[in-house]
file my_file-v3.txt (compact mmCIF, C-alpha atoms)
# COMPACT_ATOMS: atom_id res chain seq x y z
CA MET A 147 174.83 -8.21 405.73
CA PRO A 148 174.17 -8.77 402.01
CA ALA A 149 174.92 -12.20 400.60
CA ALA A 150 178.20 -12.68 398.73
CA PRO A 151 177.77 -12.60 394.96
CA SER A 152 177.59 -16.00 393.31
CA ALA A 153 179.75 -17.19 390.43
CA LEU A 154 176.73 -16.72 388.15
CA ASP A 155 176.34 -13.12 389.35
CA ASP A 156 180.01 -12.54 388.51
CA LEU A 157 179.49 -13.98 385.04
CA LEU A 158 176.39 -11.86 384.43
CA ASP A 159 178.38 -8.79 385.49
CA LEU A 160 181.07 -9.80 383.00
CA LEU A 161 178.46 -9.89 380.22
CA ASP A 162 176.92 -6.54 381.22
CA LEU A 163 179.03 -4.37 378.93
CA GLU A 164 179.63 -0.68 379.44
CA ARG A 165 178.41 1.49 376.56
CA ILE A 166 181.08 4.13 375.86
CA GLU A 167 179.64 5.40 372.53
CA GLN A 168 176.54 4.64 370.50
CA ASP A 169 177.97 1.42 369.00
CA ILE A 170 181.10 0.97 371.12
CA PHE A 171 181.15 -1.13 374.29
CA ARG A 172 183.77 -2.07 376.85
CA GLY A 173 183.92 -5.36 378.70
CA ALA A 174 185.97 -6.50 381.65
CA SER A 175 188.03 -9.62 381.40
CA ARG A 176 189.34 -12.30 383.69
CA ALA A 177 191.79 -15.19 383.64
CA SER A 178 190.76 -18.69 382.62
CA ILE A 179 192.44 -22.07 383.08
CA VAL A 180 194.92 -21.08 380.35
CA PRO A 181 196.92 -17.79 380.34
CA ARG A 182 194.56 -15.98 377.98
CA VAL A 183 190.95 -14.83 377.91
CA PHE A 184 188.48 -17.72 377.60
CA GLY A 185 187.12 -17.74 374.03
CA GLY A 186 183.54 -18.30 375.16
CA GLN A 187 183.72 -15.09 377.17
CA VAL A 188 184.77 -13.00 374.15
CA ALA A 189 182.14 -14.62 371.92
CA ALA A 190 179.37 -14.05 374.47
CA GLN A 191 180.40 -10.44 375.10
CA ALA A 192 180.55 -9.72 371.36
CA LEU A 193 177.03 -11.13 370.94
CA VAL A 194 175.84 -8.93 373.82
CA ALA A 195 177.32 -5.90 372.02
CA ALA A 196 175.62 -6.85 368.75
CA GLY A 197 172.29 -7.55 370.45
CA ARG A 198 172.22 -4.17 372.16
CA THR A 199 172.06 -2.45 368.76
CA VAL A 200 169.11 -4.54 367.53
CA PRO A 201 165.37 -4.11 368.23
CA GLU A 202 164.16 -6.41 371.03
CA ASP A 203 161.73 -8.22 368.72
CA ARG A 204 164.62 -9.47 366.54
CA LEU A 205 166.10 -12.65 367.96
CA ALA A 206 169.61 -13.96 367.37
CA HIS A 207 169.51 -16.91 364.97
CA SER A 208 173.17 -17.35 363.97
CA LEU A 209 176.73 -16.24 364.58
CA HIS A 210 180.03 -16.83 362.82
CA ALA A 211 183.27 -15.87 364.53
CA TYR A 212 187.05 -15.98 364.23
CA PHE A 213 189.52 -15.94 367.11
CA LEU A 214 192.41 -13.80 365.83
CA ARG A 215 194.78 -13.29 368.78
CA PRO A 216 194.98 -14.50 372.38
CA GLY A 217 193.16 -12.10 374.71
CA ASP A 218 194.95 -10.45 377.63
CA PRO A 219 193.01 -11.27 380.82
CA GLY A 220 194.54 -8.21 382.52
CA ALA A 221 193.06 -5.64 380.15
CA PRO A 222 189.53 -4.57 379.16
CA ILE A 223 188.19 -5.45 375.71
CA VAL A 224 186.58 -2.83 373.44
CA TYR A 225 183.79 -4.03 371.13
CA THR A 226 182.90 -1.95 368.05
CA VAL A 227 179.64 -2.79 366.30
CA ASP A 228 179.02 -2.13 362.59
CA ARG A 229 175.35 -1.97 361.58
CA ILE A 230 175.71 -3.94 358.36
CA ARG A 231 172.03 -4.31 357.46
CA ASP A 232 168.57 -3.61 358.83
CA GLY A 233 166.09 -5.40 356.57
CA ARG A 234 162.38 -6.09 356.89
CA SER A 235 162.97 -9.54 358.42
CA PHE A 236 166.69 -9.81 359.18
CA THR A 237 169.26 -7.62 360.90
CA THR A 238 173.02 -8.18 360.51
CA ARG A 239 175.78 -6.91 362.78
CA ARG A 240 179.55 -7.19 362.67
CA VAL A 241 181.59 -6.87 365.88
CA VAL A 242 185.34 -6.44 366.27
CA ALA A 243 186.94 -6.95 369.70
CA VAL A 244 190.12 -4.93 370.29
CA GLN A 245 192.85 -5.02 372.92
CA HIS A 246 196.08 -2.99 372.94
CA GLY A 247 195.20 -1.53 369.54
CA HIS A 248 194.82 -4.89 367.79
CA PRO A 249 191.73 -6.95 366.87
CA ILE A 250 191.58 -10.19 368.83
CA PHE A 251 188.16 -11.46 367.70
CA HIS A 252 185.67 -10.90 364.88
CA LEU A 253 181.98 -11.85 364.92
CA SER A 254 179.11 -11.60 362.46
CA ALA A 255 175.64 -12.17 363.89
CA SER A 256 172.20 -12.27 362.31
CA PHE A 257 168.87 -11.53 363.99
CA GLN A 258 165.36 -12.25 362.73
CA ALA A 259 161.86 -11.05 363.49
CA TYR A 260 159.77 -14.06 364.57
CA GLU A 261 157.75 -15.77 361.86
CA GLU A 262 155.92 -19.07 361.34
CA GLY A 263 157.38 -21.57 358.86
CA LEU A 264 158.16 -25.18 358.01
CA ASP A 265 159.32 -27.16 361.03
CA HIS A 266 161.13 -30.50 361.37
CA GLN A 267 164.08 -31.90 363.27
CA VAL A 268 166.06 -35.11 363.70
CA GLY A 269 165.57 -37.20 366.80
CA MET A 270 167.37 -36.54 370.06
CA PRO A 271 170.12 -39.07 370.93
CA SER A 272 169.86 -41.16 374.06
CA ALA A 273 171.66 -39.82 377.12
CA PRO A 274 171.62 -40.50 380.87
CA ASP A 275 169.50 -38.39 383.18
CA PRO A 276 171.62 -35.34 384.16
CA GLU A 277 170.58 -35.65 387.81
CA SER A 278 172.15 -39.13 387.88
CA LEU A 279 175.59 -37.81 386.85
CA PRO A 280 178.32 -36.46 389.16
CA THR A 281 178.86 -32.73 389.41
CA ALA A 282 182.16 -31.20 388.30
CA ALA A 283 183.25 -30.85 391.94
CA GLU A 284 182.61 -34.57 392.45
CA MET A 285 184.07 -35.83 389.15
CA LEU A 286 187.15 -33.70 388.44
CA PRO A 287 189.23 -34.69 391.51
CA ARG A 288 188.90 -38.35 390.44
CA HIS A 289 190.94 -37.72 387.30
CA LEU A 290 193.10 -34.64 387.84
CA PRO A 291 195.64 -33.36 390.38
CA LYS A 292 193.92 -31.41 393.15
CA GLU A 293 195.26 -28.01 392.06
CA VAL A 294 194.20 -28.48 388.42
CA ALA A 295 190.79 -29.84 389.44
CA ASN A 296 190.19 -26.89 391.77
CA ARG A 297 191.09 -24.40 389.01
CA LEU A 298 188.67 -26.06 386.59
CA VAL A 299 185.87 -26.17 389.15
CA GLU A 300 186.41 -22.49 389.96
CA ALA A 301 186.58 -21.45 386.29
CA ARG A 302 183.26 -23.22 385.56
CA ALA A 303 181.49 -22.44 388.84
CA ALA A 304 178.73 -20.41 387.15
CA VAL A 305 177.66 -23.48 385.20
CA ASP A 306 176.53 -26.94 386.33
CA LEU A 307 178.30 -29.06 383.68
CA ARG A 308 178.09 -32.85 383.92
CA TYR A 309 179.87 -35.35 381.67
CA ALA A 310 177.79 -38.33 380.53
CA ASP A 311 180.98 -40.38 380.13
CA THR A 312 184.63 -40.22 381.18
CA PRO A 313 186.18 -36.91 380.01
CA PRO A 314 189.39 -36.87 377.93
CA TRP A 315 191.69 -36.38 380.92
CA GLY A 316 190.16 -39.44 382.56
CA SER A 317 191.13 -41.82 379.76
CA VAL A 318 194.58 -40.67 378.64
CA GLY A 319 196.26 -43.19 376.34
CA GLU A 320 192.96 -44.89 375.46
CA PRO A 321 191.67 -43.73 372.05
CA ARG A 322 187.94 -44.17 371.67
CA GLU A 323 185.02 -43.07 369.54
CA PRO A 324 185.23 -39.29 368.96
CA ARG A 325 181.95 -38.50 370.66
CA SER A 326 181.20 -36.69 373.90
CA GLN A 327 178.05 -35.69 375.76
CA VAL A 328 177.63 -33.19 378.56
CA TRP A 329 174.56 -31.76 380.23
CA PHE A 330 174.71 -28.14 381.34
CA ARG A 331 172.67 -25.35 382.88
CA THR A 332 173.54 -22.20 384.77
CA ASN A 333 173.95 -22.46 388.54
CA GLY A 334 170.99 -20.21 389.20
CA LYS A 335 167.91 -18.80 387.51
CA LEU A 336 168.10 -16.21 384.75
CA ALA A 337 165.81 -13.37 383.73
CA ASP A 338 163.34 -13.95 380.90
CA GLU A 339 165.50 -12.25 378.28
CA HIS A 340 166.14 -14.10 375.03
CA LEU A 341 169.54 -12.53 374.35
CA LEU A 342 170.78 -13.43 377.83
CA HIS A 343 170.03 -17.14 377.37
CA VAL A 344 171.59 -17.16 373.90
CA CYS A 345 174.74 -15.47 375.23
CA LEU A 346 175.05 -17.90 378.15
CA ALA A 347 174.77 -20.85 375.76
CA THR A 348 177.42 -19.23 373.57
CA TYR A 349 179.69 -18.88 376.60
CA VAL A 350 179.36 -22.57 377.53
CA SER A 351 179.63 -23.82 373.94
CA ASP A 352 183.40 -23.17 373.87
CA MET A 353 184.12 -25.21 377.00
CA THR A 354 184.02 -28.79 375.71
CA LEU A 355 183.49 -28.81 371.93
CA LEU A 356 186.99 -30.05 371.04
CA ASP A 357 186.89 -32.84 373.64
CA SER A 358 185.81 -35.29 370.95
CA VAL A 359 188.99 -34.53 368.96
CA LEU A 360 191.05 -35.47 372.01
CA LEU A 361 189.09 -38.67 372.64
CA ALA A 362 189.91 -40.00 369.16
CA HIS A 363 193.63 -39.89 370.00
CA GLY A 364 193.62 -40.76 373.70
CA ARG A 365 194.81 -37.27 374.64
CA GLY A 366 193.88 -35.62 377.91
CA GLY A 367 194.02 -32.07 376.59
CA TRP A 368 194.81 -28.69 378.07
CA ALA A 369 194.15 -29.86 381.64
CA VAL A 370 197.04 -32.36 381.54
CA GLY A 371 199.25 -30.63 378.97
CA ASP A 372 199.61 -33.41 376.38
CA VAL A 373 198.27 -31.13 373.64
CA VAL A 374 198.35 -27.40 373.06
CA GLY A 375 195.52 -25.68 371.28
CA ALA A 376 193.17 -22.78 370.79
CA SER A 377 189.86 -22.07 369.10
CA LEU A 378 190.17 -20.80 365.53
CA ASP A 379 186.59 -20.22 364.44
CA HIS A 380 183.13 -20.86 365.83
CA ALA A 381 179.64 -20.94 364.35
CA MET A 382 176.22 -21.37 365.97
CA TRP A 383 172.64 -21.53 364.71
CA PHE A 384 169.80 -20.98 367.19
CA HIS A 385 166.80 -22.98 365.98
CA ARG A 386 164.21 -23.03 368.76
CA PRO A 387 163.55 -21.36 372.12
CA PHE A 388 165.46 -22.67 375.13
CA ARG A 389 166.50 -21.59 378.60
CA ALA A 390 170.15 -21.74 379.65
CA ASP A 391 169.05 -22.19 383.28
CA GLU A 392 167.36 -25.51 382.41
CA TRP A 393 169.16 -28.71 381.43
CA LEU A 394 170.58 -28.76 377.90
CA LEU A 395 172.28 -31.77 376.31
CA TYR A 396 175.47 -30.91 374.38
CA ASP A 397 176.01 -33.86 372.00
CA GLN A 398 179.43 -33.47 370.36
CA GLU A 399 181.54 -35.34 367.80
CA SER A 400 184.67 -34.85 365.72
CA PRO A 401 184.50 -35.92 362.06
CA SER A 402 188.10 -34.94 361.27
CA ALA A 403 191.50 -33.83 362.55
CA SER A 404 194.47 -33.04 360.31
CA ALA A 405 197.25 -30.51 359.70
CA GLY A 406 197.35 -29.47 363.36
CA ARG A 407 193.63 -28.67 363.41
CA GLY A 408 190.61 -30.51 364.78
CA LEU A 409 186.93 -30.07 363.91
CA GLY A 410 184.13 -30.39 366.42
CA GLN A 411 180.44 -30.33 365.59
CA ALA A 412 177.52 -30.58 367.96
CA ARG A 413 173.83 -30.25 368.62
CA ILE A 414 172.29 -28.86 371.77
CA TRP A 415 168.93 -30.24 372.90
CA THR A 416 166.39 -29.24 375.51
CA GLN A 417 165.61 -31.95 378.05
CA ASP A 418 162.21 -32.54 376.42
CA GLY A 419 163.81 -33.31 373.04
CA LYS A 420 163.74 -30.06 371.06
CA LEU A 421 166.77 -29.31 368.87
CA ALA A 422 167.74 -25.85 370.11
CA ILE A 423 171.21 -25.10 368.67
CA SER A 424 173.74 -26.42 366.14
CA VAL A 425 177.44 -25.67 366.70
CA ILE A 426 180.65 -26.12 364.67
CA GLN A 427 184.17 -25.17 365.74
CA GLU A 428 187.66 -25.73 364.41
CA GLY A 429 190.66 -25.37 366.66
CA VAL A 430 194.42 -25.77 366.73
CA VAL A 431 195.25 -29.13 368.31
CA ARG A 432 198.99 -29.80 368.41
CA VAL A 433 201.13 -32.35 370.21
CA PRO A 434 203.90 -30.53 372.11
CA ARG A 435 207.41 -31.09 370.79

call {"tool": "encode", "arguments": {"input": "my_file-v3.txt", "output": "structure tokens"}}
result
Amino acid sequence: MPAAPSALDDLLDLLDLERIEQDIFRGASRASIVPRVFGGQVAAQALVAAGRTVPEDRLAHSLHAYFLRPGDPGAPIVYTVDRIRDGRSFTTRRVVAVQHGHPIFHLSASFQAYEEGLDHQVGMPSAPDPESLPTAAEMLPRHLPKEVANRLVEARAAVDLRYADTPPWGSVGEPREPRSQVWFRTNGKLADEHLLHVCLATYVSDMTLLDSVLLAHGRGGWAVGDVVGASLDHAMWFHRPFRADEWLLYDQESPSASAGRGLGQARIWTQDGKLAISVIQEGVVRVPR
């Protein structure tokens, strides 16, 4: 009897889009811990669509995206790719995700042929060894009702994500420095395909980036219902090679929150200290009335 598919297999199937025309793709969807499509899923699928129209020797180096409408987890998503530019060094693609006749997401992505150049980076921050930290299945039940904890563990089962400190829902009512660190890697090995690792990192990048906004105000977030929110826009720059199936440190902070919006910015590091990715996201963060 064949083995049951793992959560990572299910996620990889979700990212394996169906090509229905030359530059039109269709992706399945699924529910998340909130009643809409998880933003990281749409962003990762859109990047898959863009990458499948680009030569393999051109590697994704940046993306800029806007979340326009909540996605319906019960319906497929159609991704249309516009071939904006094919230059000698850079390739640009624009992707629009559509459900029920309306755009729900817009992404612009740029790809570059590899070249040598100037190279420097800031130093990696200190962080505990990821193997010394509790897994999600061990940590979440300590801070959340069993049903909520189980839903979160199930929603993130494809990824081994470990908080370096107490998460927002574990310190409700205790404002602290707006910084958060998590280590993550996929729960299983991945093929040696650059686009796949970039898309998996994009998927995970939307999971915790606004946690630092919540920490500054002692809010527990979506898991406990003391704020409502959604991602508004998202940007990533891919600096150096990395593998999403090896430990990556997601070092996050929030420099500002105002007018019902919160800003998160972050750097993602390989375990041996290479700065792999920079990330910025703004989201709606509102206190329920």

call {"tool": "residues_around", "arguments": {"input": "my_file-v3.txt", "residues": "range 164-178 of chain A", "least_positions_apart": "3", "cutoff": "12 Å", "atoms": "all atoms listed in the file", "output": "JSON, numbers by chain"}}
result
{"A": [156, 157, 158, 159, 160, 161, 181, 182, 183, 184, 185, 186, 187, 188, 189, 190, 191, 192, 193, 194, 195, 196, 197, 198, 199, 200, 216, 217, 218, 219, 220, 221, 222, 223, 224, 225, 226, 227, 228, 229, 239, 240, 241, 242, 243, 244, 245, 294, 297, 298, 299, 300, 301, 302, 303, 353, 368, 369]}

call {"tool": "atom_distance", "arguments": {"input": "my_file-v3.txt", "atom1": "CA of Ala211 in chain A", "atom2": "CA of Ala381 in chain A"}}
result
6.2 Å

call {"tool": "residues_around", "arguments": {"input": "my_file-v3.txt", "residues": "Phe257 in chain A", "least_positions_apart": "6", "cutoff": "7 Å", "atoms": "only C-alpha atoms", "output": "compact mmCIF listing (two decimals) with C-alpha atoms, in the coordinates of the input"}}
result
# COMPACT_ATOMS: atom_id res chain seq x y z
CA ARG A 204 164.62 -9.47 366.54
CA LEU A 205 166.10 -12.65 367.96
CA ALA A 206 169.61 -13.96 367.37
CA HIS A 207 169.51 -16.91 364.97
CA PHE A 236 166.69 -9.81 359.18
CA THR A 237 169.26 -7.62 360.90
CA THR A 238 173.02 -8.18 360.51

call {"tool": "closest_residue", "arguments": {"input": "my_file-v3.txt", "among": "A:Val425, A:Leu360, A:Ala310, A:Val430", "to": "Ser272 in chain A", "atoms": "all atoms listed in the file"}}
result
A:Ala310

call {"tool": "residues_around", "arguments": {"input": "my_file-v3.txt", "residues": "Glu339 in chain A", "least_positions_apart": "3", "cutoff": "12 Å", "atoms": "only C-alpha atoms", "output": "short mmCIF file (atom, residue, chain, number, x, y, z; two decimals) with C-alpha atoms, in the coordinates of the input"}}
result
data_model
loop_
_atom_site.label_atom_id
_atom_site.label_comp_id
_atom_site.auth_asym_id
_atom_site.auth_seq_id
_atom_site.Cartn_x
_atom_site.Cartn_y
_atom_site.Cartn_z
CA VAL A 194 175.84 -8.93 373.82
CA GLY A 197 172.29 -7.55 370.45
CA GLU A 202 164.16 -6.41 371.03
CA ASP A 203 161.73 -8.22 368.72
CA LEU A 205 166.10 -12.65 367.96
CA ALA A 206 169.61 -13.96 367.37
CA LYS A 335 167.91 -18.80 387.51
CA LEU A 336 168.10 -16.21 384.75
CA LEU A 342 170.78 -13.43 377.83
CA HIS A 343 170.03 -17.14 377.37
CA VAL A 344 171.59 -17.16 373.90
CA CYS A 345 174.74 -15.47 375.23
CA LEU A 346 175.05 -17.90 378.15
CA PRO A 387 163.55 -21.36 372.12
CA PHE A 388 165.46 -22.67 375.13
CA ARG A 389 166.50 -21.59 378.60
CA ALA A 390 170.15 -21.74 379.65
CA ASP A 391 169.05 -22.19 383.28
#

call {"tool": "residues_around", "arguments": {"input": "my_file-v3.txt", "residues": "Glu320 in chain A", "least_positions_apart": "5", "cutoff": "8 Å", "atoms": "only C-alpha atoms", "output": "list in words"}}
result
Leu361, His363, Gly364 and Arg365 of chain A

call {"tool": "axis_aligned_box", "arguments": {"input": "my_file-v3.txt", "around": "range 317-329 of chain A", "padding_each_side": "8 Å", "output": "lines of an AutoDock Vina configuration file"}}
result
center_x = 185.4
center_y = -38.3
center_z = 374.6
size_x = 37.7
size_y = 29.1
size_z = 27.3

call {"tool": "closest_residue", "arguments": {"input": "my_file-v3.txt", "among": "A:Ala376, A:Val431, A:Val318, A:Leu341", "to": "Leu214 in chain A", "atoms": "all atoms listed in the file"}}
result
A:Ala376

call {"tool": "closest_residue", "arguments": {"input": "my_file-v3.txt", "among": "A:Leu394, A:Leu154, A:Ile230, A:Leu286", "to": "Trp415 in chain A", "atoms": "only C-alpha atoms"}}
result
A:Leu394

call {"tool": "residues_around", "arguments": {"input": "my_file-v3.txt", "residues": "range 402-407 of chain A", "least_positions_apart": "2", "cutoff": "8 Å", "atoms": "all atoms listed in the file", "output": "JSON, numbers by chain"}}
result
{"A": [359, 400, 409, 410, 428, 429, 430, 431, 432]}

call {"tool": "atom_distance", "arguments": {"input": "my_file-v3.txt", "atom1": "CA of Gly247 in chain A", "atom2": "CA of Ser377 in chain A"}}
result
21.2 Å

call {"tool": "atom_distance", "arguments": {"input": "my_file-v3.txt", "atom1": "CA of Pro434 in chain A", "atom2": "CA of Val374 in chain A"}}
result
6.4 Å

call {"tool": "closest_residue", "arguments": {"input": "my_file-v3.txt", "among": "A:Leu378, A:Ala273, A:Val268, A:Leu395", "to": "Val328 in chain A", "atoms": "all atoms listed in the file"}}
result
A:Leu395

call {"tool": "closest_residue", "arguments": {"input": "my_file-v3.txt", "among": "A:His289, A:Arg325, A:His210, A:Arg331", "to": "Phe384 in chain A", "atoms": "all atoms listed in the file"}}
result
A:His210

call {"tool": "closest_residue", "arguments": {"input": "my_file-v3.txt", "among": "A:Glu293, A:Gly334, A:Ser278, A:Asp311", "to": "Glu392 in chain A", "atoms": "all atoms listed in the file"}}
result
A:Gly334

call {"tool": "residues_near_point", "arguments": {"input": "my_file-v3.txt", "point": "(175.7, -28.2, 374.9)", "cutoff": "8 Å", "atoms": "all atoms listed in the file", "output": "list in words"}}
result
Gln327, Val328, Trp329, Phe330, Ala347, Val350, Ser351, Leu394, Leu395, Tyr396, Asp397, Gln398, Ala412, Arg413, Ile414 and Trp415 of chain A

call {"tool": "build_atoms", "arguments": {"input": "my_file-v3.txt", "residues": "range 350-372 of chain A", "atoms": "N, CA, C and O atoms", "output": "PDB file, keeping the file's coordinate frame"}}
result
ATOM      1  N   VAL A 350     179.086 -21.177 377.164  1.00  0.00           N
ATOM      2  CA  VAL A 350     179.360 -22.570 377.530  1.00  0.00           C
ATOM      3  C   VAL A 350     179.820 -23.383 376.313  1.00  0.00           C
ATOM      4  O   VAL A 350     180.604 -24.327 376.441  1.00  0.00           O
ATOM      5  N   SER A 351     179.371 -23.010 375.126  1.00  0.00           N
ATOM      6  CA  SER A 351     179.630 -23.820 373.940  1.00  0.00           C
ATOM      7  C   SER A 351     181.109 -23.978 373.636  1.00  0.00           C
ATOM      8  O   SER A 351     181.509 -24.929 372.947  1.00  0.00           O
ATOM      9  N   ASP A 352     181.961 -23.086 374.141  1.00  0.00           N
ATOM     10  CA  ASP A 352     183.400 -23.170 373.870  1.00  0.00           C
ATOM     11  C   ASP A 352     184.144 -23.986 374.923  1.00  0.00           C
ATOM     12  O   ASP A 352     185.349 -24.169 374.823  1.00  0.00           O
ATOM     13  N   MET A 353     183.440 -24.516 375.913  1.00  0.00           N
ATOM     14  CA  MET A 353     184.120 -25.210 377.000  1.00  0.00           C
ATOM     15  C   MET A 353     184.575 -26.615 376.630  1.00  0.00           C
ATOM     16  O   MET A 353     185.648 -27.056 377.050  1.00  0.00           O
ATOM     17  N   THR A 354     183.767 -27.356 375.883  1.00  0.00           N
ATOM     18  CA  THR A 354     184.020 -28.790 375.710  1.00  0.00           C
ATOM     19  C   THR A 354     183.979 -29.261 374.261  1.00  0.00           C
ATOM     20  O   THR A 354     184.122 -30.460 374.005  1.00  0.00           O
ATOM     21  N   LEU A 355     183.795 -28.376 373.295  1.00  0.00           N
ATOM     22  CA  LEU A 355     183.490 -28.810 371.930  1.00  0.00           C
ATOM     23  C   LEU A 355     184.624 -29.593 371.279  1.00  0.00           C
ATOM     24  O   LEU A 355     184.380 -30.455 370.438  1.00  0.00           O
ATOM     25  N   LEU A 356     185.871 -29.316 371.642  1.00  0.00           N
ATOM     26  CA  LEU A 356     186.990 -30.050 371.040  1.00  0.00           C
ATOM     27  C   LEU A 356     187.375 -31.295 371.835  1.00  0.00           C
ATOM     28  O   LEU A 356     188.344 -31.975 371.490  1.00  0.00           O
ATOM     29  N   ASP A 357     186.614 -31.621 372.883  1.00  0.00           N
ATOM     30  CA  ASP A 357     186.890 -32.840 373.640  1.00  0.00           C
ATOM     31  C   ASP A 357     186.865 -34.069 372.749  1.00  0.00           C
ATOM     32  O   ASP A 357     187.667 -35.001 372.920  1.00  0.00           O
ATOM     33  N   SER A 358     185.932 -34.107 371.789  1.00  0.00           N
ATOM     34  CA  SER A 358     185.810 -35.290 370.950  1.00  0.00           C
ATOM     35  C   SER A 358     187.042 -35.493 370.079  1.00  0.00           C
ATOM     36  O   SER A 358     187.394 -36.628 369.744  1.00  0.00           O
ATOM     37  N   VAL A 359     187.720 -34.403 369.698  1.00  0.00           N
ATOM     38  CA  VAL A 359     188.990 -34.530 368.960  1.00  0.00           C
ATOM     39  C   VAL A 359     190.009 -35.256 369.833  1.00  0.00           C
ATOM     40  O   VAL A 359     190.723 -36.163 369.377  1.00  0.00           O
ATOM     41  N   LEU A 360     190.088 -34.872 371.092  1.00  0.00           N
ATOM     42  CA  LEU A 360     191.050 -35.470 372.010  1.00  0.00           C
ATOM     43  C   LEU A 360     190.752 -36.946 372.243  1.00  0.00           C
ATOM     44  O   LEU A 360     191.668 -37.776 372.307  1.00  0.00           O
ATOM     45  N   LEU A 361     189.475 -37.287 372.360  1.00  0.00           N
ATOM     46  CA  LEU A 361     189.090 -38.670 372.640  1.00  0.00           C
ATOM     47  C   LEU A 361     189.564 -39.604 371.530  1.00  0.00           C
ATOM     48  O   LEU A 361     189.987 -40.731 371.798  1.00  0.00           O
ATOM     49  N   ALA A 362     189.517 -39.146 370.280  1.00  0.00           N
ATOM     50  CA  ALA A 362     189.910 -40.000 369.160  1.00  0.00           C
ATOM     51  C   ALA A 362     191.371 -40.406 369.227  1.00  0.00           C
ATOM     52  O   ALA A 362     191.770 -41.426 368.638  1.00  0.00           O
ATOM     53  N   HIS A 363     192.184 -39.646 369.961  1.00  0.00           N
ATOM     54  CA  HIS A 363     193.630 -39.890 370.000  1.00  0.00           C
ATOM     55  C   HIS A 363     194.136 -40.222 371.403  1.00  0.00           C
ATOM     56  O   HIS A 363     195.354 -40.293 371.619  1.00  0.00           O
ATOM     57  N   GLY A 364     193.220 -40.409 372.338  1.00  0.00           N
ATOM     58  CA  GLY A 364     193.620 -40.760 373.700  1.00  0.00           C
ATOM     59  C   GLY A 364     194.408 -39.661 374.389  1.00  0.00           C
ATOM     60  O   GLY A 364     195.255 -39.935 375.249  1.00  0.00           O
ATOM     61  N   ARG A 365     194.118 -38.411 374.034  1.00  0.00           N
ATOM     62  CA  ARG A 365     194.810 -37.270 374.640  1.00  0.00           C
ATOM     63  C   ARG A 365     193.950 -36.664 375.748  1.00  0.00           C
ATOM     64  O   ARG A 365     192.723 -36.582 375.630  1.00  0.00           O
ATOM     65  N   GLY A 366     194.616 -36.201 376.782  1.00  0.00           N
ATOM     66  CA  GLY A 366     193.880 -35.620 377.910  1.00  0.00           C
ATOM     67  C   GLY A 366     193.566 -34.154 377.741  1.00  0.00           C
ATOM     68  O   GLY A 366     192.653 -33.632 378.359  1.00  0.00           O
ATOM     69  N   GLY A 367     194.354 -33.456 376.895  1.00  0.00           N
ATOM     70  CA  GLY A 367     194.020 -32.070 376.590  1.00  0.00           C
ATOM     71  C   GLY A 367     194.753 -31.063 377.435  1.00  0.00           C
ATOM     72  O   GLY A 367     195.770 -31.330 378.078  1.00  0.00           O
ATOM     73  N   TRP A 368     194.181 -29.847 377.439  1.00  0.00           N
ATOM     74  CA  TRP A 368     194.810 -28.690 378.070  1.00  0.00           C
ATOM     75  C   TRP A 368     194.979 -28.892 379.573  1.00  0.00           C
ATOM     76  O   TRP A 368     195.922 -28.377 380.172  1.00  0.00           O
ATOM     77  N   ALA A 369     194.087 -29.668 380.184  1.00  0.00           N
ATOM     78  CA  ALA A 369     194.150 -29.860 381.640  1.00  0.00           C
ATOM     79  C   ALA A 369     195.370 -30.666 382.059  1.00  0.00           C
ATOM     80  O   ALA A 369     195.854 -30.514 383.179  1.00  0.00           O
ATOM     81  N   VAL A 370     195.879 -31.540 381.179  1.00  0.00           N
ATOM     82  CA  VAL A 370     197.040 -32.360 381.540  1.00  0.00           C
ATOM     83  C   VAL A 370     198.269 -32.003 380.713  1.00  0.00           C
ATOM     84  O   VAL A 370     199.360 -32.513 380.986  1.00  0.00           O
ATOM     85  N   GLY A 371     198.106 -31.160 379.701  1.00  0.00           N
ATOM     86  CA  GLY A 371     199.250 -30.630 378.970  1.00  0.00           C
ATOM     87  C   GLY A 371     199.820 -31.535 377.903  1.00  0.00           C
ATOM     88  O   GLY A 371     200.953 -31.326 377.467  1.00  0.00           O
ATOM     89  N   ASP A 372     199.071 -32.564 377.442  1.00  0.00           N
ATOM     90  CA  ASP A 372     199.610 -33.410 376.380  1.00  0.00           C
ATOM     91  C   ASP A 372     199.212 -32.947 374.986  1.00  0.00           C
ATOM     92  O   ASP A 372     199.545 -33.581 373.989  1.00  0.00           O
TER      93      ASP A 372
END
